[in-house]
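Colleague: Next up, data.csv (CSV, C-alpha atoms).
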```
chain,number,residue,atom,x,y,z
A,271,MET,CA,0.0,0.0,0.0
A,272,LEU,CA,2.8,2.4,0.9
A,273,LYS,CA,4.7,1.7,-2.3
A,274,ARG,CA,1.5,2.3,-4.4
A,275,LEU,CA,1.0,5.6,-2.5
A,276,LEU,CA,4.5,6.7,-3.1
A,277,PHE,CA,4.3,5.8,-6.7
A,278,ALA,CA,1.1,7.7,-7.1
A,279,LEU,CA,2.6,10.8,-5.5
A,280,ALA,CA,5.7,10.6,-7.7
A,281,SER,CA,3.6,10.2,-10.8
A,282,ALA,CA,1.4,13.2,-9.8
A,283,SER,CA,4.6,15.3,-9.2
A,284,LEU,CA,6.0,14.4,-12.7
A,285,LEU,CA,2.7,15.3,-14.3
A,286,PHE,CA,2.7,18.7,-12.5
A,287,VAL,CA,6.3,19.4,-13.6
A,288,SER,CA,5.4,18.4,-17.2
A,289,ALA,CA,2.4,20.6,-17.2
A,290,ALA,CA,4.4,23.5,-15.9
A,291,HIS,CA,7.0,23.0,-18.5
A,292,ALA,CA,4.4,22.8,-21.2
A,293,ALA,CA,3.0,26.2,-20.0
A,294,ASP,CA,6.4,27.7,-20.3
A,295,ARG,CA,7.1,26.2,-23.7
A,296,PRO,CA,4.1,26.8,-26.1
A,297,ASP,CA,3.4,24.4,-28.9
A,298,THR,CA,5.2,26.4,-31.5
A,299,ASP,CA,8.3,26.1,-33.6
A,300,MET,CA,10.2,28.8,-31.7
A,301,VAL,CA,10.0,30.8,-28.4
A,302,LEU,CA,10.9,34.4,-29.0
A,303,LEU,CA,11.8,36.7,-26.1
A,304,THR,CA,12.4,40.4,-26.0
A,305,GLU,CA,12.5,43.3,-23.5
A,306,ASN,CA,11.4,46.9,-23.3
A,307,PHE,CA,13.8,48.7,-25.6
A,308,PRO,CA,11.9,51.4,-27.4
A,309,PRO,CA,11.5,52.1,-30.2
A,310,TYR,CA,12.6,48.6,-31.3
A,311,ASN,CA,10.5,46.5,-28.9
A,312,MET,CA,8.1,47.6,-26.1
A,313,ALA,CA,5.0,46.6,-24.1
A,314,LYS,CA,1.9,48.5,-25.2
A,315,ASN,CA,1.0,49.0,-21.6
A,316,GLY,CA,4.5,50.1,-20.5
A,317,LYS,CA,4.9,47.2,-18.2
A,318,ASN,CA,7.8,44.7,-17.9
A,319,PHE,CA,5.8,41.7,-19.0
A,320,ALA,CA,3.7,41.3,-22.1
A,321,GLN,CA,2.8,38.6,-24.7
A,322,GLY,CA,1.7,38.4,-28.3
A,323,GLU,CA,-0.1,41.3,-29.7
A,324,ASN,CA,0.5,43.4,-26.6
A,325,ILE,CA,4.1,44.0,-27.8
A,326,ASP,CA,5.0,46.4,-30.6
A,327,GLY,CA,7.9,48.4,-31.9
A,328,ILE,CA,10.2,48.5,-35.0
A,329,ALA,CA,11.9,45.1,-34.4
A,330,THR,CA,8.7,43.4,-33.2
A,331,ASP,CA,6.9,44.3,-36.4
A,332,ILE,CA,9.8,43.2,-38.5
A,333,VAL,CA,10.2,39.9,-36.7
A,334,ARG,CA,6.5,39.2,-37.1
A,335,GLU,CA,6.8,39.8,-40.8
A,336,ILE,CA,9.9,37.6,-41.0
A,337,PHE,CA,8.2,34.6,-39.4
A,338,LYS,CA,5.0,35.1,-41.3
A,339,ARG,CA,6.9,35.0,-44.6
A,340,ALA,CA,9.0,32.1,-43.5
A,341,ASP,CA,5.9,30.2,-42.4
A,342,ILE,CA,7.4,29.4,-39.0
A,343,THR,CA,5.2,29.5,-35.9
A,344,TYR,CA,6.4,31.2,-32.7
A,345,SER,CA,5.4,32.6,-29.3
A,346,LEU,CA,6.4,36.1,-28.3
A,347,THR,CA,7.0,37.2,-24.7
A,348,LEU,CA,8.5,40.5,-23.3
A,349,ARG,CA,10.3,39.9,-20.0
A,350,PHE,CA,12.5,41.7,-17.6
A,351,PRO,CA,15.4,42.0,-17.0
A,352,TRP,CA,17.4,41.6,-20.2
A,353,GLU,CA,20.0,39.4,-18.5
A,354,ARG,CA,17.2,36.8,-18.0
A,355,VAL,CA,16.1,37.1,-21.6
A,356,TYR,CA,19.7,36.6,-22.8
A,357,LYS,CA,20.3,33.6,-20.5
A,358,LEU,CA,17.1,31.8,-21.6
A,359,ALA,CA,17.9,32.3,-25.3
A,360,LEU,CA,21.5,31.1,-24.7
A,361,GLU,CA,20.6,27.9,-22.9
A,362,ASN,CA,17.3,26.7,-24.4
A,363,PRO,CA,17.0,25.0,-27.8
A,364,GLY,CA,14.3,26.6,-29.9
A,365,TYR,CA,14.6,30.0,-28.2
A,366,GLY,CA,15.6,33.3,-29.6
A,367,ALA,CA,16.0,36.9,-28.3
A,368,PHE,CA,15.8,40.3,-30.0
A,369,VAL,CA,17.1,42.8,-30.5
A,370,MET,CA,20.7,42.0,-29.7
A,371,ALA,CA,24.0,43.7,-30.7
A,372,ARG,CA,26.1,41.3,-32.7
A,373,LEU,CA,29.5,41.6,-30.9
A,374,PRO,CA,32.7,39.5,-31.4
A,375,ASP,CA,32.4,37.9,-28.0
A,376,ARG,CA,28.8,36.8,-28.8
A,377,GLU,CA,29.4,35.7,-32.3
A,378,ARG,CA,29.8,31.9,-31.6
A,379,LEU,CA,27.2,31.8,-28.8
A,380,PHE,CA,24.2,32.3,-31.1
A,381,LYS,CA,23.0,32.0,-34.7
A,382,TRP,CA,22.0,35.3,-36.2
A,383,VAL,CA,19.3,36.8,-38.4
A,384,GLY,CA,19.6,40.4,-39.4
A,385,PRO,CA,20.5,43.1,-39.3
A,386,ILE,CA,17.2,44.4,-38.1
A,387,GLY,CA,18.3,48.0,-37.4
A,388,PRO,CA,21.2,50.2,-36.3
A,389,ASP,CA,22.2,51.0,-32.8
A,390,ASP,CA,24.9,53.7,-32.6
A,391,TRP,CA,26.5,54.1,-29.2
A,392,ILE,CA,26.5,57.7,-27.9
A,393,MET,CA,27.2,59.8,-24.8
A,394,LEU,CA,24.4,62.2,-24.0
A,395,ALA,CA,24.8,65.2,-21.7
A,396,LYS,CA,22.4,67.9,-20.5
A,397,ALA,CA,21.6,70.7,-23.0
A,398,ASP,CA,23.6,73.2,-20.9
A,399,SER,CA,26.5,70.9,-20.1
A,400,LYS,CA,30.0,72.2,-20.8
A,401,ILE,CA,31.4,68.6,-21.3
A,402,THR,CA,33.3,68.1,-24.6
A,403,LEU,CA,34.7,64.7,-25.6
A,404,GLU,CA,37.0,63.8,-28.4
A,405,THR,CA,37.5,60.2,-27.5
A,406,LEU,CA,36.0,57.6,-25.1
A,407,ASP,CA,39.0,58.0,-22.9
A,408,ASP,CA,38.1,61.6,-22.3
A,409,ALA,CA,35.0,60.3,-20.4
A,410,ARG,CA,36.9,58.6,-17.7
A,411,LYS,CA,36.8,61.6,-15.3
A,412,TYR,CA,33.0,61.7,-15.5
A,413,LYS,CA,30.2,59.8,-13.8
A,414,ILE,CA,28.6,57.7,-16.6
A,415,GLY,CA,25.1,56.1,-16.4
A,416,ALA,CA,24.3,52.9,-18.4
A,417,TYR,CA,21.9,50.0,-18.6
A,418,LYS,CA,22.7,46.9,-16.6
A,419,GLY,CA,23.4,43.9,-18.8
A,420,ASP,CA,23.5,45.9,-22.0
A,421,ALA,CA,26.4,45.6,-24.4
A,422,ILE,CA,27.3,49.3,-24.0
A,423,ALA,CA,27.6,48.9,-20.2
A,424,THR,CA,29.6,45.7,-20.6
A,425,THR,CA,32.0,47.3,-23.1
A,426,LEU,CA,32.5,50.4,-20.9
A,427,ALA,CA,33.2,48.2,-17.8
A,428,ARG,CA,35.8,46.2,-19.7
A,429,GLN,CA,37.5,49.3,-20.7
A,430,GLY,CA,37.7,50.5,-17.1
A,431,LEU,CA,35.2,53.3,-17.3
A,432,ASN,CA,33.0,51.8,-14.5
A,433,PRO,CA,29.6,53.0,-15.5
A,434,VAL,CA,26.8,53.3,-12.9
A,435,VAL,CA,24.2,50.9,-14.1
A,436,VAL,CA,20.4,50.9,-13.6
A,437,LEU,CA,17.8,48.2,-14.4
A,438,ARG,CA,15.8,50.5,-16.7
A,439,ASP,CA,17.7,52.6,-19.3
A,440,GLN,CA,15.1,55.3,-19.2
A,441,ASP,CA,15.9,56.0,-15.5
A,442,ASN,CA,19.2,57.5,-16.8
A,443,ALA,CA,17.4,60.3,-18.5
A,444,LYS,CA,16.1,61.7,-15.2
A,445,LYS,CA,19.4,60.9,-13.4
A,446,LEU,CA,21.2,63.0,-16.1
A,447,VAL,CA,19.0,66.1,-15.8
A,448,ASN,CA,19.0,65.8,-12.0
A,449,GLY,CA,22.8,65.8,-11.9
A,450,GLN,CA,23.2,62.3,-10.5
A,451,ILE,CA,25.3,61.4,-13.5
A,452,ASP,CA,27.3,63.5,-15.9
A,453,LEU,CA,26.9,61.4,-19.0
A,454,TRP,CA,24.4,58.8,-20.3
A,455,ALA,CA,25.9,56.0,-22.4
A,456,THR,CA,23.0,54.7,-24.5
A,457,GLY,CA,21.9,53.8,-28.0
A,458,ASP,CA,20.7,56.0,-30.8
A,459,PRO,CA,17.7,56.2,-31.5
A,460,ALA,CA,16.7,54.3,-28.4
A,461,GLY,CA,18.1,56.8,-25.8
A,462,ARG,CA,16.3,59.8,-27.3
A,463,TYR,CA,13.1,57.9,-27.6
A,464,LEU,CA,13.3,56.8,-24.0
A,465,ALA,CA,14.1,60.3,-22.8
A,466,ARG,CA,11.0,61.7,-24.5
A,467,GLN,CA,8.9,59.1,-22.8
A,468,GLU,CA,10.2,60.4,-19.5
A,469,GLY,CA,9.5,64.0,-20.5
A,470,VAL,CA,13.1,64.8,-21.0
A,471,SER,CA,14.2,66.6,-24.2
A,472,GLY,CA,17.1,68.8,-25.4
A,473,LEU,CA,19.8,66.3,-24.5
A,474,LYS,CA,22.9,66.7,-26.7
A,475,THR,CA,25.3,64.1,-28.1
A,476,VAL,CA,28.8,64.8,-27.0
A,477,LEU,CA,30.4,61.6,-28.4
A,478,ARG,CA,29.4,58.9,-30.9
A,479,PHE,CA,31.8,56.1,-30.1
A,480,ASN,CA,30.5,53.0,-31.8
A,481,SER,CA,28.1,51.8,-34.5
A,482,ALA,CA,26.5,48.5,-33.9
A,483,GLU,CA,23.8,46.5,-35.8
A,484,LEU,CA,20.9,44.8,-34.0
A,485,TYR,CA,19.9,41.2,-34.7
A,486,LEU,CA,17.6,38.4,-33.8
A,487,ALA,CA,19.8,36.0,-31.9
A,488,LEU,CA,18.9,32.3,-32.0
A,489,ASN,CA,20.0,29.4,-29.8
A,490,LYS,CA,22.8,27.4,-31.3
A,491,ALA,CA,20.6,24.3,-31.6
A,492,VAL,CA,18.2,26.0,-34.1
A,493,PRO,CA,18.8,24.2,-37.4
A,494,ASP,CA,20.8,26.1,-40.1
A,495,GLU,CA,18.0,25.6,-42.6
A,496,THR,CA,15.6,27.5,-40.3
A,497,VAL,CA,18.1,30.3,-39.8
A,498,ALA,CA,18.6,30.5,-43.6
A,499,LYS,CA,14.8,30.6,-44.2
A,500,LEU,CA,14.4,33.4,-41.7
A,501,GLN,CA,17.3,35.4,-43.2
A,502,ALA,CA,15.9,35.0,-46.7
A,503,ALA,CA,12.5,36.3,-45.5
A,504,LEU,CA,14.2,39.4,-43.9
A,505,ASP,CA,16.3,40.0,-47.0
A,506,GLN,CA,13.1,40.0,-49.1
A,507,LEU,CA,11.3,42.3,-46.7
A,508,ARG,CA,14.1,44.8,-47.0
A,509,LYS,CA,14.1,44.5,-50.8
A,510,ASP,CA,10.3,45.1,-50.9
A,511,GLY,CA,10.7,48.2,-48.8
A,512,VAL,CA,8.7,46.8,-45.8
A,513,VAL,CA,11.6,47.4,-43.4
A,514,ASP,CA,11.8,51.1,-44.3
A,515,ASP,CA,8.0,51.4,-44.0
A,516,ILE,CA,8.1,50.0,-40.5
A,517,MET,CA,11.0,52.2,-39.5
A,518,ALA,CA,9.1,55.3,-40.8
A,519,LYS,CA,6.0,54.4,-38.8
A,520,TYR,CA,7.9,54.8,-35.5
A,521,LEU,CA,10.6,57.4,-36.3
```
If you took the structure in this file and wrote it as structure tokens, what would it be?
Modeller:
Amino acid sequence: MLKRLLFALASASLLFVSAAHAADRPDTDMVLLTENFPPYNMAKNGKNFAQGENIDGIATDIVREIFKRADITYSLTLRFPWERVYKLALENPGYGAFVMARLPDRERLFKWVGPIGPDDWIMLAKADSKITLETLDDARKYKIGAYKGDAIATTLARQGLNPVVVLRDQDNAKKLVNGQIDLWATGDPAGRYLARQEGVSGLKTVLRFNSAELYLALNKAVPDETVAKLQAALDQLRKDGVVDDIMAKYL
């Protein structure tokens, strides 16, 4: 009797775990994850969790069109923080994350579809700031704000600039105008868009120190033929002018 009871409990536990996993992994070809990174991807309600049609933005619209043309099913979830999104895509077969800067140290970690759009790296200062920069090295004496887990913050830290990081990049806009930081290291156009959302305008670019391209990053286990199919769909969208039309809608 005891053995049967233990077996029943174990079976029920396995069923619960399986059901929970099934809820996390919808019955689709791919699981796509993103974050709030306006104007490329964002929750319509401004929250840090959204799914499906409750997410919009330049990259979101482009990715939807890519998968539609490639005839590949997917689920789409916006989560927080970016570090979690990155880790899930890195470790789980069938997962992807966007938009992600394609950097040398990430090249072999993912398979890539893109580019989806540009992401220049800039230093922003207040409109009345007297700061002038010729090179990134000139910024060392200033307090720099950046976004935790972002490629910009990681690159600055590796170069010894020790940025002060926050969990939401838009918080840096208010920190900048309030004098809590001297410079805001962010992306363009993302930084300016976020600042406007926070009611901050008139920030000036004092340095443009890198030009990056943003991609859809896929787990290494995604078959090469799937990656090629998605890339071909994006290439055709660009050729047809659809990518430019989507960009114009937001910018």
Colleague: Point out the residue among A:Ala465, A:Leu477, A:Ile328, A:Val447 with the least atom-to-atom distance to Asp398 of chain A, counting only C-alpha atoms.
Modeller: A:Val447
Colleague: Set out as a tab-separated table a contact list for segment 408-472 of chain A and segment 353-371 of chain A with a cut-off of 10 Å, giving each residue of segment 408-472 of chain A that qualifies its closest atom pair and distance in Å to one decimal, counting all atoms listed in the file, ordered by chain and rising residue number.
Modeller:
```
residue	atom	partner	partner_atom	distance
A:Lys418	CA	A:Glu353	CA	8.2
A:Gly419	CA	A:Glu353	CA	5.6
A:Asp420	CA	A:Glu353	CA	8.2
A:Ala421	CA	A:Ala371	CA	7.0
A:Ile422	CA	A:Ala371	CA	9.3
A:Leu437	CA	A:Glu353	CA	10.0
```
Colleague: Report, in Å to a single decimal, how far apart atom CA of Ile392 of chain A and atom CA of Gly449 of chain A are.
Modeller: 18.3 Å
Colleague: Asp331 of chain A: which residues within 12 Å, counting only C-alpha atoms, same-chain residues fewer than 5 positions away excluded, as a list of chain:residue names?
Modeller: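 My list of contacting residues is A:Pro309, A:Tyr310, A:Asn311, A:Met312, A:Gly322, A:Glu323, A:Asn324, A:Ile325, A:Asp326, A:Ile336, A:Phe337, A:Lys338, A:Leu346, A:Phe368, A:Val369, A:Ile386, A:Leu504, A:Leu507, A:Val512, A:Val513, A:Asp514, A:Asp515, A:Ile516, A:Met517, A:Lys519, A:Tyr520.
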Colleague: Please produce, as a Markdown table, a per-residue contact table for segment 297-347 of chain A versus segment 484-490 of chain A (criterion: any atom at most 9 Å away, all atoms listed in the file considered), showing the nearest atom pair and its distance in Å to one decimal, sorted by chain then residue number.
Modeller:
```
| residue | atom | partner | partner_atom | distance |
| --- | --- | --- | --- | --- |
| A:Leu302 | CA | A:Leu488 | CA | 8.8 |
| A:Ala329 | CA | A:Leu486 | CA | 8.8 |
| A:Val333 | CA | A:Leu486 | CA | 8.1 |
```
Colleague: Considering all atoms listed in the file, return as a short mmCIF file (atom, residue, chain, number, x, y, z; two decimals) with C-alpha atoms, in the coordinates of the input whatever protein or nucleic-acid residues lie within 6 Å of Tyr344 of chain A, sequence-local ones (same chain, fewer than 4 positions apart) excluded.
Modeller:
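The file below, result.cif, is the result:
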```cif
data_model
loop_
_atom_site.label_atom_id
_atom_site.label_comp_id
_atom_site.auth_asym_id
_atom_site.auth_seq_id
_atom_site.Cartn_x
_atom_site.Cartn_y
_atom_site.Cartn_z
CA THR A 298 5.20 26.40 -31.50
CA ASP A 299 8.30 26.10 -33.60
CA MET A 300 10.20 28.80 -31.70
CA VAL A 301 10.00 30.80 -28.40
#
```
Colleague: Quick check, in Å to one decimal: how far apart do atom CA of Thr347 of chain A and atom CA of Leu303 of chain A lie?
Modeller: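 For atom CA of Thr347 of chain A relative to atom CA of Leu303 of chain A, the distance reads 5.0 Å.
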Colleague: Pull N, CA and C atoms for segment 416-427 of chain A from the block and write them as an mmCIF file, in the first residue's frame.
Modeller:
```cif
data_model
loop_
_atom_site.group_PDB
_atom_site.id
_atom_site.type_symbol
_atom_site.label_atom_id
_atom_site.label_comp_id
_atom_site.auth_asym_id
_atom_site.auth_seq_id
_atom_site.Cartn_x
_atom_site.Cartn_y
_atom_site.Cartn_z
ATOM 1 N N ALA A 416 24.583 53.910 -17.341
ATOM 2 C CA ALA A 416 24.334 52.934 -18.398
ATOM 3 C C ALA A 416 23.288 51.935 -17.912
ATOM 4 N N TYR A 417 22.942 51.003 -18.796
ATOM 5 C CA TYR A 417 21.869 50.042 -18.565
ATOM 6 C C TYR A 417 22.466 48.674 -18.249
ATOM 7 N N LYS A 418 22.120 48.116 -17.094
ATOM 8 C CA LYS A 418 22.705 46.867 -16.629
ATOM 9 C C LYS A 418 22.462 45.723 -17.611
ATOM 10 N N GLY A 419 23.523 45.003 -17.935
ATOM 11 C CA GLY A 419 23.425 43.856 -18.825
ATOM 12 C C GLY A 419 23.515 44.197 -20.297
ATOM 13 N N ASP A 420 23.433 45.475 -20.618
ATOM 14 C CA ASP A 420 23.493 45.912 -22.008
ATOM 15 C C ASP A 420 24.927 45.852 -22.519
ATOM 16 N N ALA A 421 25.068 45.677 -23.835
ATOM 17 C CA ALA A 421 26.400 45.594 -24.435
ATOM 18 C C ALA A 421 27.206 46.860 -24.208
ATOM 19 N N ILE A 422 26.540 48.013 -24.175
ATOM 20 C CA ILE A 422 27.250 49.271 -23.957
ATOM 21 C C ILE A 422 27.874 49.285 -22.570
ATOM 22 N N ALA A 423 27.074 48.935 -21.558
ATOM 23 C CA ALA A 423 27.575 48.913 -20.179
ATOM 24 C C ALA A 423 28.716 47.919 -20.035
ATOM 25 N N THR A 424 28.567 46.750 -20.650
ATOM 26 C CA THR A 424 29.597 45.715 -20.568
ATOM 27 C C THR A 424 30.905 46.186 -21.195
ATOM 28 N N THR A 425 30.798 46.822 -22.354
ATOM 29 C CA THR A 425 31.988 47.309 -23.055
ATOM 30 C C THR A 425 32.693 48.397 -22.248
ATOM 31 N N LEU A 426 31.937 49.314 -21.696
ATOM 32 C CA LEU A 426 32.533 50.383 -20.891
ATOM 33 C C LEU A 426 33.232 49.822 -19.656
ATOM 34 N N ALA A 427 32.606 48.843 -19.015
ATOM 35 C CA ALA A 427 33.204 48.231 -17.823
ATOM 36 C C ALA A 427 34.513 47.533 -18.168
#
```
